[in-house]
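Coordinates as given in model17.txt (compact mmCIF, C-alpha atoms):
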# COMPACT_ATOMS: atom_id res chain seq x y z
CA MET A 21 -13.94 34.73 -46.60
CA SER A 22 -10.41 35.89 -45.94
CA GLU A 23 -8.75 38.71 -47.81
CA PRO A 24 -6.81 37.44 -50.85
CA ALA A 25 -3.10 37.99 -51.31
CA ALA A 26 -1.75 40.31 -53.98
CA GLN A 27 -3.36 39.82 -57.37
CA ASN A 28 -0.01 39.34 -59.13
CA SER A 29 0.96 36.50 -56.79
CA PRO A 30 1.92 33.19 -58.44
CA LEU A 31 -1.09 31.77 -56.60
CA SER A 32 -3.53 34.16 -58.30
CA ASP A 33 -4.34 31.75 -61.14
CA ALA A 34 -5.31 29.02 -58.68
CA ARG A 35 -7.47 31.46 -56.74
CA GLU A 36 -9.25 32.60 -59.89
CA LEU A 37 -10.00 29.01 -60.89
CA ILE A 38 -11.44 28.29 -57.46
CA LEU A 39 -13.64 31.38 -57.61
CA LYS A 40 -14.81 30.76 -61.18
CA PRO A 41 -18.42 29.46 -61.04
CA VAL A 42 -19.03 25.88 -62.15
CA GLU A 43 -22.54 24.51 -61.80
CA ALA A 44 -23.64 20.90 -61.60
CA ASP A 45 -26.22 19.50 -64.04
CA ALA A 46 -29.45 19.71 -62.04
CA GLU A 47 -31.44 17.98 -64.78
CA SER A 48 -29.42 14.76 -64.53
CA GLY A 49 -29.90 14.80 -60.76
CA ARG A 50 -33.64 15.25 -61.22
CA LYS A 51 -33.77 12.20 -63.47
CA VAL A 52 -32.17 10.11 -60.75
CA ARG A 53 -34.76 11.27 -58.21
CA GLU A 54 -37.59 10.52 -60.62
CA ALA A 55 -36.17 7.08 -61.37
CA LEU A 56 -35.97 6.31 -57.66
CA LEU A 57 -39.59 7.34 -57.20
CA GLY A 58 -40.55 5.09 -60.10
CA MET A 59 -38.99 2.12 -58.34
CA GLY A 60 -41.40 2.47 -55.42
CA ARG A 61 -40.24 1.01 -52.14
CA GLU A 62 -37.51 -0.84 -54.01
CA GLY A 63 -35.98 2.53 -54.81
CA ASP A 64 -35.30 3.43 -51.18
CA PHE A 65 -31.51 3.36 -51.41
CA GLY A 66 -30.74 5.93 -48.70
CA ARG A 67 -27.16 7.21 -49.05
CA LEU A 68 -26.71 5.18 -52.22
CA GLY A 69 -29.54 7.12 -53.83
CA GLU A 70 -28.00 10.41 -52.72
CA ALA A 71 -24.64 9.29 -54.11
CA ALA A 72 -26.20 8.34 -57.45
CA GLU A 73 -27.81 11.78 -57.71
CA TRP A 74 -24.49 13.48 -56.86
CA LEU A 75 -22.67 11.43 -59.47
CA ALA A 76 -25.25 12.19 -62.16
CA LYS A 77 -25.13 15.92 -61.45
CA TRP A 78 -21.35 16.14 -61.64
CA GLN A 79 -20.87 13.66 -64.47
CA ARG A 80 -23.59 15.60 -66.29
CA ARG A 81 -25.26 12.44 -67.52
CA PHE A 82 -28.06 10.04 -66.81
CA PRO A 83 -27.79 7.30 -65.92
CA PRO A 84 -24.71 7.85 -63.78
CA ARG A 85 -22.01 5.23 -64.25
CA ILE A 86 -18.43 4.58 -63.31
CA GLU A 87 -16.47 3.06 -66.16
CA LYS A 88 -13.12 4.79 -65.87
CA PRO A 89 -12.25 5.59 -62.25
CA THR A 90 -8.80 6.78 -61.20
CA LEU A 91 -7.15 6.54 -57.80
CA ALA A 92 -4.55 9.32 -57.62
CA ILE A 93 -1.99 9.06 -54.84
CA PHE A 94 0.18 12.10 -54.14
CA ALA A 95 3.40 11.31 -52.27
CA GLY A 96 5.67 13.82 -50.59
CA SER A 97 8.26 14.12 -47.85
CA HIS A 98 8.55 16.52 -44.93
CA GLY A 99 11.46 17.94 -42.99
CA ILE A 100 9.35 17.95 -39.83
CA VAL A 101 9.88 14.18 -39.64
CA ASP A 102 13.30 14.98 -38.15
CA ALA A 103 11.47 16.47 -35.15
CA GLY A 104 10.03 13.05 -34.31
CA VAL A 105 6.40 13.84 -35.15
CA SER A 106 5.72 10.71 -37.20
CA LEU A 107 5.60 6.98 -36.51
CA SER A 108 6.99 6.43 -40.02
CA SER A 109 9.93 7.87 -41.93
CA ASN A 110 10.55 9.36 -45.35
CA SER A 111 12.20 6.07 -46.34
CA ASP A 112 8.96 4.29 -45.38
CA THR A 113 7.14 6.56 -47.83
CA ARG A 114 9.54 5.53 -50.59
CA ALA A 115 9.02 1.85 -49.78
CA HIS A 116 5.23 2.28 -49.85
CA ILE A 117 5.32 4.07 -53.19
CA ASP A 118 7.57 1.41 -54.68
CA ALA A 119 5.11 -1.26 -53.50
CA LEU A 120 2.24 0.63 -55.10
CA ARG A 121 4.06 0.99 -58.40
CA GLU A 122 4.89 -2.71 -58.42
CA GLY A 123 1.36 -3.76 -57.43
CA ARG A 124 2.50 -5.33 -54.14
CA ALA A 125 0.61 -3.03 -51.75
CA PRO A 126 -2.81 -4.07 -50.36
CA LEU A 127 -4.16 -0.82 -51.76
CA SER A 128 -3.17 -1.98 -55.25
CA ALA A 129 -5.35 -5.08 -54.89
CA ILE A 130 -8.31 -3.07 -53.58
CA ALA A 131 -8.04 -0.59 -56.45
CA THR A 132 -7.80 -3.42 -58.98
CA GLN A 133 -10.90 -5.06 -57.51
CA ALA A 134 -12.72 -1.73 -57.88
CA GLY A 135 -11.58 -1.45 -61.50
CA ALA A 136 -9.61 1.72 -60.82
CA THR A 137 -6.44 2.88 -62.50
CA VAL A 138 -3.81 3.69 -59.88
CA ARG A 139 -1.69 6.75 -60.63
CA VAL A 140 1.15 7.64 -58.28
CA PHE A 141 2.46 11.20 -58.32
CA GLU A 142 5.85 11.55 -56.65
CA LEU A 143 6.60 15.04 -55.39
CA ALA A 144 10.35 15.34 -54.87
CA LEU A 145 10.56 12.53 -52.33
CA ASP A 146 14.31 12.95 -52.14
CA ARG A 147 13.93 16.63 -51.23
CA PRO A 148 11.78 17.03 -48.09
CA THR A 149 10.03 20.34 -47.54
CA PRO A 150 11.72 22.50 -44.87
CA SER A 151 10.49 22.24 -41.31
CA ILE A 152 7.46 24.52 -41.10
CA ALA A 153 8.61 25.56 -37.63
CA LYS A 154 11.67 27.19 -39.25
CA GLU A 155 10.52 28.42 -42.66
CA ALA A 156 7.68 28.14 -45.16
CA ALA A 157 7.09 24.70 -46.62
CA MET A 158 7.06 26.12 -50.16
CA SER A 159 7.76 29.35 -51.98
CA GLU A 160 4.82 30.96 -53.76
CA ARG A 161 6.18 29.78 -57.09
CA GLU A 162 6.71 26.20 -55.89
CA CYS A 163 3.26 26.04 -54.32
CA ALA A 164 1.61 27.34 -57.50
CA ALA A 165 3.59 24.90 -59.65
CA THR A 166 2.65 21.99 -57.39
CA ILE A 167 -1.03 22.92 -57.53
CA ALA A 168 -0.72 22.97 -61.32
CA TYR A 169 0.99 19.59 -61.24
CA GLY A 170 -2.07 18.22 -59.45
CA PHE A 171 -4.09 19.03 -62.57
CA GLU A 172 -2.44 16.01 -64.21
CA ALA A 173 -4.61 13.70 -62.13
CA VAL A 174 -7.47 14.33 -64.57
CA GLU A 175 -5.49 14.33 -67.82
CA ASP A 176 -6.95 10.90 -68.76
CA ASN A 177 -10.46 12.27 -68.19
CA PRO A 178 -11.67 9.74 -65.59
CA ASP A 179 -15.36 9.66 -64.75
CA LEU A 180 -14.53 9.51 -61.02
CA LEU A 181 -11.39 10.69 -59.24
CA ALA A 182 -10.45 9.23 -55.87
CA ILE A 183 -7.55 11.01 -54.18
CA ALA A 184 -5.17 10.01 -51.41
CA VAL A 185 -1.80 11.02 -49.99
CA SER A 186 1.28 9.25 -48.76
CA GLY A 187 3.98 10.94 -46.74
CA ALA A 188 5.44 10.71 -43.26
CA GLY A 189 4.50 13.90 -41.43
CA VAL A 190 1.62 14.89 -43.71
CA GLY A 191 -0.90 14.53 -40.87
CA THR A 192 0.97 17.07 -38.75
CA ALA A 193 1.27 19.46 -41.68
CA ALA A 194 -2.46 19.08 -42.34
CA ALA A 195 -3.17 19.78 -38.67
CA ALA A 196 -1.19 23.01 -38.93
CA VAL A 197 -3.20 24.07 -41.98
CA ALA A 198 -6.43 23.19 -40.13
CA CYS A 199 -5.39 25.46 -37.25
CA ALA A 200 -4.89 28.30 -39.70
CA LEU A 201 -8.22 27.68 -41.44
CA TYR A 202 -10.47 26.99 -38.48
CA GLY A 203 -8.72 28.20 -35.34
CA GLY A 204 -8.59 26.16 -32.18
CA SER A 205 -5.55 24.85 -30.39
CA PRO A 206 -2.92 22.61 -31.95
CA ASP A 207 -3.83 19.99 -29.33
CA TYR A 208 -7.30 19.81 -30.86
CA TRP A 209 -6.13 19.24 -34.42
CA VAL A 210 -3.34 16.80 -33.67
CA ARG A 211 -5.66 14.71 -31.49
CA PRO A 212 -4.49 11.16 -32.00
CA SER A 213 -6.18 7.85 -32.45
CA ALA A 214 -5.95 5.46 -29.53
CA GLN A 215 -2.77 3.91 -30.94
CA THR A 216 -0.74 7.14 -30.95
CA PRO A 217 1.71 7.57 -28.05
CA ALA A 218 1.03 10.63 -25.89
CA SER A 219 4.64 11.76 -26.28
CA LEU A 220 4.20 11.91 -30.05
CA SER A 221 1.12 14.12 -29.69
CA VAL A 222 3.10 16.54 -27.52
CA LYS A 223 5.82 16.80 -30.17
CA ARG A 224 3.24 17.40 -32.88
CA SER A 225 1.41 20.05 -30.87
CA THR A 226 4.63 21.86 -30.02
CA LEU A 227 5.79 21.90 -33.63
CA VAL A 228 2.43 23.17 -34.89
CA SER A 229 2.42 25.91 -32.23
CA ASP A 230 5.90 27.00 -33.28
CA ALA A 231 4.90 27.00 -36.95
CA LEU A 232 1.77 29.07 -36.33
CA ARG A 233 3.80 31.59 -34.37
CA LEU A 234 6.43 31.85 -37.10
CA HIS A 235 3.96 32.34 -39.95
CA ARG A 236 1.22 34.26 -38.13
CA GLY A 237 1.40 37.17 -40.58
CA HIS A 238 0.60 34.95 -43.57
CA LEU A 239 -2.25 32.75 -42.39
CA SER A 240 -5.37 34.84 -43.07
CA ASP A 241 -5.33 33.70 -46.71
CA PRO A 242 -6.07 29.96 -47.26
CA LEU A 243 -3.60 29.51 -50.11
CA GLU A 244 -0.87 31.26 -48.12
CA ALA A 245 -1.64 28.96 -45.18
CA LEU A 246 -1.21 26.01 -47.53
CA ARG A 247 2.10 27.40 -48.81
CA CYS A 248 3.55 28.09 -45.38
CA LEU A 249 2.27 25.12 -43.41
CA GLY A 250 1.28 22.37 -45.81
CA GLY A 251 3.23 20.05 -48.05
CA ARG A 252 3.50 19.22 -51.70
CA GLU A 253 0.94 16.40 -51.35
CA LEU A 254 -1.66 18.83 -50.04
CA ALA A 255 -0.94 21.38 -52.76
CA ALA A 256 -1.23 18.73 -55.47
CA CYS A 257 -4.54 17.55 -53.98
CA VAL A 258 -5.80 21.13 -54.15
CA GLY A 259 -4.86 21.20 -57.83
CA ALA A 260 -6.60 17.90 -58.53
CA ILE A 261 -9.77 19.12 -56.81
CA ILE A 262 -9.75 22.37 -58.81
CA ALA A 263 -9.14 20.65 -62.16
CA ALA A 264 -11.76 17.96 -61.57
CA ARG A 265 -14.44 20.55 -60.88
CA HIS A 266 -13.73 22.36 -64.14
CA GLN A 267 -13.88 19.07 -66.06
CA SER A 268 -17.08 17.90 -64.32
CA ILE A 269 -15.39 14.98 -62.60
CA PRO A 270 -16.71 14.01 -59.15
CA VAL A 271 -14.01 13.61 -56.48
CA VAL A 272 -13.85 11.16 -53.60
CA LEU A 273 -11.81 12.33 -50.61
CA ASP A 274 -9.91 9.93 -48.40
CA GLY A 275 -8.63 10.74 -44.90
CA PHE A 276 -7.79 13.80 -42.82
CA ALA A 277 -5.13 15.26 -45.12
CA THR A 278 -7.22 15.18 -48.30
CA THR A 279 -10.12 16.65 -46.34
CA ILE A 280 -7.91 19.56 -45.27
CA ALA A 281 -6.80 20.03 -48.88
CA ALA A 282 -10.48 20.34 -49.79
CA GLY A 283 -10.80 22.68 -46.82
CA VAL A 284 -8.29 25.07 -48.40
CA VAL A 285 -10.44 25.22 -51.54
CA HIS A 286 -13.61 25.53 -49.45
CA ALA A 287 -12.12 28.44 -47.47
CA VAL A 288 -11.61 30.35 -50.72
CA SER A 289 -15.09 29.48 -52.02
CA PRO A 290 -17.46 27.07 -50.24
CA LYS A 291 -19.20 26.17 -53.51
CA ALA A 292 -15.93 24.98 -55.03
CA VAL A 293 -16.04 21.61 -53.25
CA SER A 294 -19.62 20.62 -54.00
CA HIS A 295 -18.26 18.02 -56.42
CA CYS A 296 -16.42 16.31 -53.54
CA MET A 297 -17.65 13.43 -51.39
CA ALA A 298 -16.09 12.05 -48.21
CA SER A 299 -15.47 8.35 -48.71
CA HIS A 300 -15.13 7.43 -45.04
CA ILE A 301 -14.15 8.69 -41.63
CA THR A 302 -11.02 7.54 -39.83
CA GLN A 303 -10.64 7.07 -36.09
CA ARG A 304 -8.69 10.30 -35.90
CA PRO A 305 -11.03 12.78 -34.11
CA ALA A 306 -9.72 15.74 -36.13
CA HIS A 307 -10.96 14.08 -39.32
CA GLU A 308 -14.54 14.22 -38.08
CA ALA A 309 -14.10 17.87 -37.12
CA ALA A 310 -12.70 18.72 -40.56
CA LEU A 311 -15.61 17.01 -42.30
CA GLU A 312 -18.05 19.00 -40.17
CA HIS A 313 -16.43 22.26 -41.29
CA LEU A 314 -16.97 21.20 -44.92
CA GLY A 315 -20.50 19.97 -44.26
CA LEU A 316 -19.64 16.49 -45.56
CA ALA A 317 -21.00 13.22 -44.22
CA PRO A 318 -18.85 10.13 -44.78
CA LEU A 319 -20.21 7.54 -47.16
CA LEU A 320 -18.68 4.64 -45.20
CA GLN A 321 -17.78 3.80 -41.62
CA LEU A 322 -14.77 1.53 -41.97
CA GLN A 323 -12.90 2.23 -38.72
CA PHE A 324 -9.56 2.75 -40.48
CA GLN A 325 -6.84 4.34 -38.35
CA THR A 326 -5.68 6.56 -41.21
CA GLY A 327 -6.45 7.34 -44.82
CA GLY A 328 -3.74 6.26 -47.23
CA GLY A 329 -6.24 5.59 -50.01
CA LEU A 330 -8.02 2.60 -48.49
CA GLY A 331 -11.22 4.55 -47.92
CA SER A 332 -11.42 6.29 -51.28
CA ALA A 333 -10.54 3.07 -53.14
CA SER A 334 -13.20 1.15 -51.21
CA ALA A 335 -15.77 3.82 -51.97
CA ILE A 336 -15.38 3.29 -55.72
CA GLY A 337 -17.02 -0.12 -55.48
CA VAL A 338 -19.85 1.26 -53.34
CA LEU A 339 -20.47 4.07 -55.82
CA LYS A 340 -20.61 1.53 -58.66
CA THR A 341 -23.31 -0.23 -56.66
CA ALA A 342 -25.17 3.08 -56.37
CA CYS A 343 -25.21 3.35 -60.17
CA ALA A 344 -26.36 -0.23 -60.80
CA PRO A 345 -30.15 0.25 -60.48
CA PHE A 346 -30.10 2.95 -63.15
CA ILE A 347 -28.07 1.09 -65.75
CA ALA A 348 -29.32 -2.45 -65.19
CA LYS A 349 -31.21 -3.97 -68.09
CA PRO A 350 -34.42 -5.88 -67.28
CA ALA A 351 -34.10 -9.63 -67.58
CA GLU A 352 -35.72 -11.22 -70.61
CA ALA A 353 -38.94 -13.13 -69.96
Kindly present the structure from the file in structure tokens form.
Amino acid sequence: MSEPAAQNSPLSDARELILKPVEADAESGRKVREALLGMGREGDFGRLGEAAEWLAKWQRRFPPRIEKPTLAIFAGSHGIVDAGVSLSSNSDTRAHIDALREGRAPLSAIATQAGATVRVFELALDRPTPSIAKEAAMSERECAATIAYGFEAVEDNPDLLAIAVSGAGVGTAAAAVACALYGGSPDYWVRPSAQTPASLSVKRSTLVSDALRLHRGHLSDPLEALRCLGGRELAACVGAIIAARHQSIPVVLDGFATTIAAGVVHAVSPKAVSHCMASHITQRPAHEAALEHLGLAPLLQLQFQTGGGLGSASAIGVLKTACAPFIAKPAEA
């Protein structure tokens, strides 16, 4: 574990919450295992059985059930887009968020089918973070405030929280944070899917290298790495993950960026993400590498190019299926 920053830092409260022990309810998990054994061969549900046990432990109840899921989407904008590191623009992010709010986006329909409430959290879309190759993405105070803002994702007390991000450039920012957390070359973490032009990967790698060089004195601490290299979406995801754990709400991660947000929490305290599950794995190689660092296996293999919430929203329905054998009532004779 890296050495923490000064104790009077604005980020100290977030660090203390991450380090504060929160245990799952082992008894509820045991009841799921016993119920599966009682079903005989019909109870061989593989990953669904594991998911049901995980849900029961973190919901602290048996049988596990999903009655009030929330899909939280954190949207931000990045100054690094001006360096040509993204196939989309900050205006594209605005258009996507407007479509989500108006229920026109495909993700809206998937979330509705899963019975999830969609909550969109806009993070100063009209004020992109500075280019991380020139200065820190956020001040300590702004980073701490954005983490705290992420706590609002659980204010309605959902029984499952699925998180996602939207923001041109967030993948490059997440790759920079991954370099700080795990080492390796920028080329490794910006590794594209097959559809990404090689020239774009070069721009991303160069920008991440420049950012790492600029902030090299601040990257031994995970929260400082988030502040210097990440974005507001990532910081808000960190806050949502922290708050959900303290309210015993299981969290479903989406793509690479949300996995790196969980990685920041994990780097402070590995136990602090045991309430998180990876919904799926994208075709971005760095996503698989990030999941390996967290010791998480994806629930689904959907072959999505990116995250964007499609994976975590789809996982809600699968997790409801995992709960069904434990809450189903026997048919009357």
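In this model, the gap between CA of Thr149 (chain A) and CA of Asp102 (chain A) comes to 11.3 Å.
When the distance limit is 6 Å and only C-alpha atoms are what count, the residues near region 73-85 of chain A, minus those fewer than 2 positions from it on the same chain, are Ala44, Asp45, Ala46, Ser48, Gly49, Val52, Glu70, Ala71, Ser268, Ile269, Pro270, Cys343 and Phe346 of chain A.
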With C-alpha atoms retained, export the selected residues as an mmCIF file, in the coordinates of the input.
data_model
loop_
_atom_site.group_PDB
_atom_site.id
_atom_site.type_symbol
_atom_site.label_atom_id
_atom_site.label_comp_id
_atom_site.auth_asym_id
_atom_site.auth_seq_id
_atom_site.Cartn_x
_atom_site.Cartn_y
_atom_site.Cartn_z
ATOM 1 C CA ALA A 44 -23.640 20.900 -61.600
ATOM 2 C CA ASP A 45 -26.220 19.500 -64.040
ATOM 3 C CA ALA A 46 -29.450 19.710 -62.040
ATOM 4 C CA SER A 48 -29.420 14.760 -64.530
ATOM 5 C CA GLY A 49 -29.900 14.800 -60.760
ATOM 6 C CA VAL A 52 -32.170 10.110 -60.750
ATOM 7 C CA GLU A 70 -28.000 10.410 -52.720
ATOM 8 C CA ALA A 71 -24.640 9.290 -54.110
ATOM 9 C CA SER A 268 -17.080 17.900 -64.320
ATOM 10 C CA ILE A 269 -15.390 14.980 -62.600
ATOM 11 C CA PRO A 270 -16.710 14.010 -59.150
ATOM 12 C CA CYS A 343 -25.210 3.350 -60.170
ATOM 13 C CA PHE A 346 -30.100 2.950 -63.150
#
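Excluding region 310-313 of chain A itself and any same-chain residue fewer than 4 positions from it, the protein and nucleic acid residues within 7 Å of it, counting all atoms listed in the file, are A:Thr279, A:Ile280, A:Ala306, A:Ala317.
Using only C-alpha atoms, the smallest distance between any of A:Asp241, A:Glu122, A:Glu253, A:Glu160 and Gly187 (chain A) comes from A:Glu253.
Across A:Ala245, A:Ala333, A:Cys163, A:Ala173, the tightest approach to Thr132 (chain A) is made by A:Ala333 when counting all atoms listed in the file.
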Produce a table with one row for each residue of region 267-327 of chain A that has an atom at most 8 Å from any atom of region 33-39 of chain A, each row naming the nearest atom pair and its distance in Å at one decimal; use only C-alpha atoms; arrange rows by chain and rising residue number; format as a tab-separated table.
residue	atom	partner	partner_atom	distance
A:Val285	CA	A:Ile38	CA	6.7
A:Val288	CA	A:Ile38	CA	7.0
A:Ser289	CA	A:Leu39	CA	6.1
A:Ala292	CA	A:Ile38	CA	6.1
For region 218-223 of chain A, what centre and edge lengths in Å (one decimal) does the axis-aligned box get once 4 Å is added on each side of all its listed atoms, as AutoDock Vina command-line options?
--center_x 3.4 --center_y 13.7 --center_z -28.0 --size_x 12.8 --size_y 14.2 --size_z 12.3
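Between CA of Ala277 (chain A) and CA of Val190 (chain A) the interatomic distance comes to 6.9 Å.
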Give one line per residue of region 248-299 of chain A that approaches region 174-183 of chain A to at most 8 Å, naming the two atoms of the closest pair and their distance in Å to one decimal, counting all atoms listed in the file; sort by chain then ascending residue number and deliver it as JSON lines.
{"residue": "A:Cys257", "atom": "CA", "partner": "A:Ile183", "partner_atom": "CA", "distance": 7.2}
{"residue": "A:Ala260", "atom": "CA", "partner": "A:Val174", "partner_atom": "CA", "distance": 7.1}
{"residue": "A:Ala263", "atom": "CA", "partner": "A:Val174", "partner_atom": "CA", "distance": 7.0}
{"residue": "A:Ala264", "atom": "CA", "partner": "A:Val174", "partner_atom": "CA", "distance": 6.4}
{"residue": "A:Gln267", "atom": "CA", "partner": "A:Asn177", "partner_atom": "CA", "distance": 7.9}
{"residue": "A:Ile269", "atom": "CA", "partner": "A:Asp179", "partner_atom": "CA", "distance": 5.7}
{"residue": "A:Pro270", "atom": "CA", "partner": "A:Leu180", "partner_atom": "CA", "distance": 5.3}
{"residue": "A:Val271", "atom": "CA", "partner": "A:Leu181", "partner_atom": "CA", "distance": 4.8}
{"residue": "A:Val272", "atom": "CA", "partner": "A:Ala182", "partner_atom": "CA", "distance": 4.5}
{"residue": "A:Leu273", "atom": "CA", "partner": "A:Ile183", "partner_atom": "CA", "distance": 5.7}
{"residue": "A:Asp274", "atom": "CA", "partner": "A:Ile183", "partner_atom": "CA", "distance": 6.3}
{"residue": "A:Thr278", "atom": "CA", "partner": "A:Ile183", "partner_atom": "CA", "distance": 7.2}
Residue neighbourhood Ala156 (chain A), 9 Å, all atoms listed in the file, exclusion window fewer than 5 positions, as a PDB file with C-alpha atoms, in the coordinates of the input:
ATOM      1  CA  THR A 149      10.030  20.340 -47.540  1.00  0.00           C
ATOM      2  CA  PRO A 150      11.720  22.500 -44.870  1.00  0.00           C
ATOM      3  CA  SER A 151      10.490  22.240 -41.310  1.00  0.00           C
ATOM      4  CA  ALA A 231       4.900  27.000 -36.950  1.00  0.00           C
ATOM      5  CA  LEU A 234       6.430  31.850 -37.100  1.00  0.00           C
ATOM      6  CA  HIS A 235       3.960  32.340 -39.950  1.00  0.00           C
ATOM      7  CA  ARG A 247       2.100  27.400 -48.810  1.00  0.00           C
ATOM      8  CA  CYS A 248       3.550  28.090 -45.380  1.00  0.00           C
ATOM      9  CA  LEU A 249       2.270  25.120 -43.410  1.00  0.00           C
ATOM     10  CA  GLY A 250       1.280  22.370 -45.810  1.00  0.00           C
TER      11      GLY A 250
END
Handout entry: Residue among A:Ala287, A:Leu316, A:Leu330, A:Ile100 lying closest to Ala157 (chain A), counting all atoms listed in the file
Key = A:Ile100
Fill in the blank from the handout: Restricting to all atoms listed in the file, whichever of A:Glu54, A:Glu172, A:Glu244, A:Glu43 is closest to Met158 (chain A) is A:Glu244
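Note that the spacing between CA of Thr326 (chain A) and CA of Ala168 (chain A) amounts to 26.4 Å.
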Practice task
Rank nothing, just name the residue among A:Arg265, A:His307, A:Lys340, A:His300 nearest to Gln323 (chain A), using only C-alpha atoms.
Solution key: A:His300
Exercise for the section: Find the residues near Val185 (chain A): any atom within 12 Å, counting all atoms listed in the file, skip ones fewer than 5 places away on the same chain, and give them as a VMD selection string. Expected result: chain A and resid 91 to 97 113 116 to 117 139 to 143 170 190 to 191 194 251 to 258 260 273 to 281 326 to 332
